[in-house]
Amino acid sequence: MGRITLDKVAKRFGEVEVIPPLDLTIEEGEFVVFVGPSGCGKSTLLRLIAGLEDVSGGQIRIDGKDATETPPAKRGLAMVFQSYALYPHMSVRKNIAFPLKMAGMPEDEQKRRIDNAAKVLNLTDYIDRRPGQLSGGQRQRVAIGRAIVREPAAFLFDEPLSNLDAALRVGMRLEITELHARLKTTMIYVTHDQVEAMTMADKIVVLRAGHIEQVGSPLELYRTPRNLFVAGFIGSPK
Ligand code: ADP
Ligand code: MG
């Protein structure tokens, strides 16, 4: 579960081709980071995978099946946003339960999944609080909890830590990496932060103006950057 293939996927907004046709394979269980400067198309690419934007061309396959036309809720993926998007009037438990309730899941299965997510994310102590009574890091955990309970084939993160202060960011980075080690679910993580990319990724996809400059492990990109753009971005001494 969680193998995602992009075959000549492209996106234009009006006249502007933001993503020229692009091929990419994300393997089952991989932690893939899309990195590149602001405006290079990272969010757009993630939103195409999530189905929040329609492709202008090409095909997206999830676990072998053509998902190009599949609506977001049916792709089996869960997106975590930087803005958390929590409901302020609901408790942590209700926030996490919300997508399950909407899907009409039986109460006992909802409870099993929520208790499990709360344990994995250390949310148990504040499960009855509202978002306003939580720190930034705790809120981000709730947002991740809401994704976990859906038991998705892949998690999609769009700069989830950019609203947090530097110290907290380091801690949350570790938490997400640990979560990946525990769940072994495919994760696609968008950031413009080189350190995040180098420390979290199994595979880094370096984007520039909507195209892929290079794909490789952090070590590969560091040792053998294909060009000065990649070298400069990754911080290797080329
Ligand atoms: P990143 O996430 O890497 O900062 P984005 O994917 O948000 O970049 O944006 C890539 C390019 O696409 C930018 O030039 C942006 O202005 C443009 N863009 C993104 N969304 C839209 C939209 N809905 N309509 C028009 N242009 C857009
Ligand atoms: Mg973005």
# chains A, B, ... in the order shown; residues from 1 in each chain; ligands from 1
$ closest_atom_pairs --of "chain A" --to "ligand 2" --cutoff "12 Å" --atoms "only C-alpha atoms and all ligand atoms" --output "CSV"
residue,atom,partner,partner_atom_place_in_ligand_line,distance
A:Phe34,CA,ligand 2,1 (Mg),10.2
A:Val35,CA,ligand 2,1 (Mg),10.0
A:Gly36,CA,ligand 2,1 (Mg),9.7
A:Pro37,CA,ligand 2,1 (Mg),9.2
A:Ser38,CA,ligand 2,1 (Mg),6.7
A:Gly39,CA,ligand 2,1 (Mg),6.8
A:Cys40,CA,ligand 2,1 (Mg),8.2
A:Gly41,CA,ligand 2,1 (Mg),7.0
A:Lys42,CA,ligand 2,1 (Mg),5.6
A:Ser43,CA,ligand 2,1 (Mg),4.1
A:Thr44,CA,ligand 2,1 (Mg),7.3
A:Leu45,CA,ligand 2,1 (Mg),9.3
A:Leu46,CA,ligand 2,1 (Mg),8.9
A:Arg47,CA,ligand 2,1 (Mg),9.8
A:Phe81,CA,ligand 2,1 (Mg),10.3
A:Gln82,CA,ligand 2,1 (Mg),9.9
A:Phe157,CA,ligand 2,1 (Mg),10.4
A:Asp158,CA,ligand 2,1 (Mg),6.7
A:Glu159,CA,ligand 2,1 (Mg),7.1
A:Pro160,CA,ligand 2,1 (Mg),10.4
A:Ser162,CA,ligand 2,1 (Mg),10.6
A:Tyr189,CA,ligand 2,1 (Mg),11.0
A:Val190,CA,ligand 2,1 (Mg),7.5
A:Thr191,CA,ligand 2,1 (Mg),7.7
A:His192,CA,ligand 2,1 (Mg),8.3
A:Asp193,CA,ligand 2,1 (Mg),11.6
A:Leu207,CA,ligand 2,1 (Mg),11.9
A:Gly210,CA,ligand 2,1 (Mg),11.9
$ write_last_selection --atoms "C-alpha atoms" --output "short mmCIF file (atom, residue, chain, number, x, y, z; two decimals), in the first residue's frame"
data_model
loop_
_atom_site.label_atom_id
_atom_site.label_comp_id
_atom_site.auth_asym_id
_atom_site.auth_seq_id
_atom_site.Cartn_x
_atom_site.Cartn_y
_atom_site.Cartn_z
CA PHE A 34 9.77 17.59 -2.08
CA VAL A 35 12.18 20.46 -1.61
CA GLY A 36 12.77 23.65 -3.55
CA PRO A 37 12.45 27.43 -3.32
CA SER A 38 9.17 29.21 -2.70
CA GLY A 39 6.91 29.18 -5.76
CA CYS A 40 8.60 26.18 -7.46
CA GLY A 41 5.40 24.11 -7.42
CA LYS A 42 5.78 21.88 -4.33
CA SER A 43 2.28 22.53 -2.99
CA THR A 44 0.74 22.25 -6.44
CA LEU A 45 2.37 18.86 -6.98
CA LEU A 46 1.16 17.64 -3.59
CA ARG A 47 -2.35 18.93 -4.28
CA PHE A 81 -1.79 21.22 6.57
CA GLN A 82 0.42 23.80 8.26
CA PHE A 157 2.41 16.99 4.58
CA ASP A 158 2.61 20.56 3.27
CA GLU A 159 5.19 22.47 5.33
CA PRO A 160 3.56 21.25 8.54
CA SER A 162 6.65 26.24 9.34
CA TYR A 189 6.60 15.84 2.92
CA VAL A 190 6.87 19.28 1.33
CA THR A 191 9.34 21.82 2.68
CA HIS A 192 11.59 24.66 1.56
CA ASP A 193 13.91 23.82 4.47
CA LEU A 207 12.17 20.91 -7.64
CA GLY A 210 8.01 22.91 -11.61
#
$ select_by_dssp --residues "region 115-160 of chain A" --states "helix (DSSP H, G or I)" --output "number ranges by chain"
A: 115-120, 124-126, 131-133, 136-148
$ select_by_dssp --residues "chain A" --states "strand (DSSP E or B)" --output "JSON, numbers by chain"
{"A": [4, 5, 6, 7, 8, 9, 10, 11, 12, 13, 16, 17, 18, 19, 20, 21, 22, 23, 24, 25, 26, 31, 32, 33, 34, 35, 57, 58, 59, 60, 61, 62, 65, 66, 77, 78, 79, 80, 154, 155, 156, 157, 158, 186, 187, 188, 189, 190, 191, 203, 204, 205, 206, 207, 208, 211, 212, 213, 214, 215, 216]}
$ closest_atom_pairs --of "region 21-95 of chain A" --to "region 140-144 of chain A" --cutoff "12 Å" --atoms "only C-alpha atoms" --output "tab-separated table"
residue	atom	partner	partner_atom	distance
A:Ala78	CA	A:Ile144	CA	9.1
A:Met79	CA	A:Ile144	CA	8.7
A:Val80	CA	A:Ile144	CA	6.3
A:Phe81	CA	A:Ala143	CA	7.7
A:Gln82	CA	A:Gln140	CA	7.9
A:Ser83	CA	A:Gln140	CA	8.6
A:Tyr84	CA	A:Ala143	CA	5.5
A:Ala85	CA	A:Ala143	CA	7.5
A:Leu86	CA	A:Ala143	CA	7.0
A:Tyr87	CA	A:Ala143	CA	10.4
A:Met90	CA	A:Val142	CA	11.8
A:Ser91	CA	A:Val142	CA	10.2
A:Val92	CA	A:Val142	CA	6.7
A:Arg93	CA	A:Val142	CA	8.8
A:Lys94	CA	A:Val142	CA	10.4
A:Asn95	CA	A:Val142	CA	7.8
$ closest_residue --among "A:Pro131, A:Phe31, A:Asn163, A:Leu22" --to "Ala201 (chain A)" --atoms "only C-alpha atoms"
A:Phe31
$ closest_residue --among "A:Gly51, A:Gly29, A:Asp63, A:Ile96" --to "His180 (chain A)" --atoms "only C-alpha atoms"
A:Gly29
$ residues_around --residues "region 215-217 of chain A" --least-positions-apart "3" --cutoff "6 Å" --atoms "only C-alpha atoms" --output "list in words"
Asp202, Lys203, Ile204, Val205, Glu220 and Leu221 of chain A
$ atom_distance --atom1 "CA of Leu164 (chain A)" --atom2 "CA of Gln110 (chain A)"
29.6 Å
$ closest_residue --among "A:Thr186, A:Ser56, A:Thr68, A:Asn116" --to "Gly14 (chain A)" --atoms "only C-alpha atoms"
A:Ser56
$ closest_residue --among "A:Leu161, A:Met200, A:Ile234, A:Leu6" --to "Ile60 (chain A)" --atoms "only C-alpha atoms"
A:Leu6
$ atom_distance --atom1 "CA of His89 (chain A)" --atom2 "CA of Ala118 (chain A)"
19.2 Å
$ closest_residue --among "A:Ala73, A:Val18, A:Thr177, A:Ile62" --to "ligand 1" --atoms "only C-alpha atoms and all ligand atoms"
A:Val18
$ residues_around --residues "Ala166 (chain A)" --least-positions-apart "4" --cutoff "12 Å" --atoms "only C-alpha atoms" --output "PDB file with C-alpha atoms, in the first residue's frame"
ATOM      1  CA  GLY A 136       1.332  24.853  18.657  1.00  0.00           C
ATOM      2  CA  GLY A 137       3.075  21.487  18.829  1.00  0.00           C
ATOM      3  CA  LEU A 161       6.134  22.818  10.857  1.00  0.00           C
ATOM      4  CA  SER A 162       6.648  26.245   9.344  1.00  0.00           C
ATOM      5  CA  VAL A 170      13.301  20.140  15.791  1.00  0.00           C
ATOM      6  CA  GLY A 171      11.198  18.106  18.228  1.00  0.00           C
ATOM      7  CA  MET A 172       8.284  17.724  15.820  1.00  0.00           C
ATOM      8  CA  ARG A 173      10.658  16.678  13.041  1.00  0.00           C
ATOM      9  CA  ASP A 193      13.909  23.821   4.465  1.00  0.00           C
ATOM     10  CA  VAL A 195      17.788  20.721   6.910  1.00  0.00           C
ATOM     11  CA  GLU A 196      14.352  19.142   7.133  1.00  0.00           C
TER      12      GLU A 196
END
$ residues_around --residues "Asp125 (chain A)" --least-positions-apart "2" --cutoff "12 Å" --atoms "only C-alpha atoms" --output "VMD selection string"
chain A and resid 92 to 93 115 118 to 119 121 to 123 127 to 129 134 138
$ closest_residue --among "A:Met1, A:Ala147, A:Ala153, A:Leu52" --to "ligand 1" --atoms "only C-alpha atoms and all ligand atoms"
A:Leu52
$ residues_around --residues "region 101-103 of chain A" --least-positions-apart "2" --cutoff "12 Å" --atoms "only C-alpha atoms" --output "list in words"
Ala73, Lys74, Arg93, Lys94, Asn95, Ile96, Ala97, Phe98, Pro99, Met105, Pro106, Glu107, Asp108, Glu109, Gln110, Lys111, Arg113, Ile114, Arg146, Val149 and Arg150 of chain A
$ atom_distance --atom1 "CA of Gly235 (chain A)" --atom2 "CA of Asp7 (chain A)"
29.8 Å
$ decode --residues "region 13-113 of chain A" --atoms "C-alpha atoms" --output "compact mmCIF listing (two decimals), in the first residue's frame"
# COMPACT_ATOMS: atom_id res chain seq x y z
CA PHE A 13 -3.10 27.65 -14.45
CA GLY A 14 -4.52 29.49 -17.46
CA GLU A 15 -1.60 30.20 -19.76
CA VAL A 16 1.07 29.41 -17.22
CA GLU A 17 2.50 25.90 -17.09
CA VAL A 18 3.42 25.58 -13.44
CA ILE A 19 4.34 21.88 -13.70
CA PRO A 20 5.69 20.69 -17.08
CA PRO A 21 5.09 16.95 -17.70
CA LEU A 22 6.83 15.10 -14.91
CA ASP A 23 7.47 11.43 -14.05
CA LEU A 24 7.98 10.24 -10.50
CA THR A 25 7.62 7.00 -8.56
CA ILE A 26 7.13 6.93 -4.82
CA GLU A 27 7.64 3.47 -3.37
CA GLU A 28 5.55 1.85 -0.71
CA GLY A 29 6.61 2.99 2.75
CA GLU A 30 9.06 5.62 1.52
CA PHE A 31 9.56 8.98 3.22
CA VAL A 32 9.85 11.34 0.25
CA VAL A 33 10.59 15.04 0.63
CA PHE A 34 9.77 17.59 -2.08
CA VAL A 35 12.18 20.46 -1.61
CA GLY A 36 12.77 23.65 -3.55
CA PRO A 37 12.45 27.43 -3.32
CA SER A 38 9.17 29.21 -2.70
CA GLY A 39 6.91 29.18 -5.76
CA CYS A 40 8.60 26.18 -7.46
CA GLY A 41 5.40 24.11 -7.42
CA LYS A 42 5.78 21.88 -4.33
CA SER A 43 2.28 22.53 -2.99
CA THR A 44 0.74 22.25 -6.44
CA LEU A 45 2.37 18.86 -6.98
CA LEU A 46 1.16 17.64 -3.59
CA ARG A 47 -2.35 18.93 -4.28
CA LEU A 48 -2.38 17.10 -7.63
CA ILE A 49 -1.49 13.87 -5.82
CA ALA A 50 -4.17 14.57 -3.19
CA GLY A 51 -6.72 15.36 -5.90
CA LEU A 52 -7.29 18.89 -4.62
CA GLU A 53 -6.26 20.13 -8.07
CA ASP A 54 -7.06 18.48 -11.40
CA VAL A 55 -4.12 17.58 -13.63
CA SER A 56 -3.83 19.30 -17.00
CA GLY A 57 -2.31 16.11 -18.42
CA GLY A 58 -0.82 12.79 -17.46
CA GLN A 59 -1.81 10.00 -15.11
CA ILE A 60 -1.62 9.42 -11.36
CA ARG A 61 -1.66 5.82 -10.15
CA ILE A 62 -2.06 4.75 -6.54
CA ASP A 63 -1.22 1.12 -5.83
CA GLY A 64 -1.48 0.28 -9.50
CA LYS A 65 -4.91 1.82 -10.03
CA ASP A 66 -5.56 4.90 -12.13
CA ALA A 67 -6.58 7.59 -9.61
CA THR A 68 -6.32 10.57 -11.95
CA GLU A 69 -10.07 11.22 -11.84
CA THR A 70 -10.68 9.86 -8.33
CA PRO A 71 -12.08 12.46 -5.89
CA PRO A 72 -9.77 13.33 -2.94
CA ALA A 73 -11.84 11.51 -0.30
CA LYS A 74 -11.61 8.25 -2.27
CA ARG A 75 -7.84 8.25 -2.90
CA GLY A 76 -7.03 6.79 0.52
CA LEU A 77 -4.51 9.58 1.25
CA ALA A 78 -4.50 11.97 4.21
CA MET A 79 -3.22 15.52 3.98
CA VAL A 80 -1.80 17.44 6.97
CA PHE A 81 -1.79 21.22 6.57
CA GLN A 82 0.42 23.80 8.26
CA SER A 83 -2.62 25.77 9.39
CA TYR A 84 -3.92 22.69 11.31
CA ALA A 85 -7.52 23.44 10.23
CA LEU A 86 -8.91 22.28 13.58
CA TYR A 87 -12.46 23.06 14.69
CA PRO A 88 -12.11 25.50 17.64
CA HIS A 89 -15.40 24.55 19.29
CA MET A 90 -14.68 20.80 19.33
CA SER A 91 -12.55 18.81 21.77
CA VAL A 92 -9.41 17.05 20.55
CA ARG A 93 -11.33 13.76 20.54
CA LYS A 94 -14.13 15.23 18.42
CA ASN A 95 -11.70 16.89 16.03
CA ILE A 96 -9.97 13.57 15.44
CA ALA A 97 -13.29 11.71 15.18
CA PHE A 98 -14.75 14.12 12.66
CA PRO A 99 -13.58 12.47 9.41
CA LEU A 100 -14.61 9.06 10.75
CA LYS A 101 -18.03 10.30 11.77
CA MET A 102 -18.50 11.85 8.33
CA ALA A 103 -17.63 8.50 6.79
CA GLY A 104 -20.29 6.83 8.97
CA MET A 105 -17.86 4.53 10.77
CA PRO A 106 -19.30 2.49 13.67
CA GLU A 107 -18.68 4.08 17.10
CA ASP A 108 -16.59 1.21 18.51
CA GLU A 109 -14.24 1.24 15.51
CA GLN A 110 -13.96 5.06 15.81
CA LYS A 111 -13.02 4.68 19.46
CA ARG A 112 -10.42 2.00 18.75
CA ARG A 113 -8.73 4.17 16.13
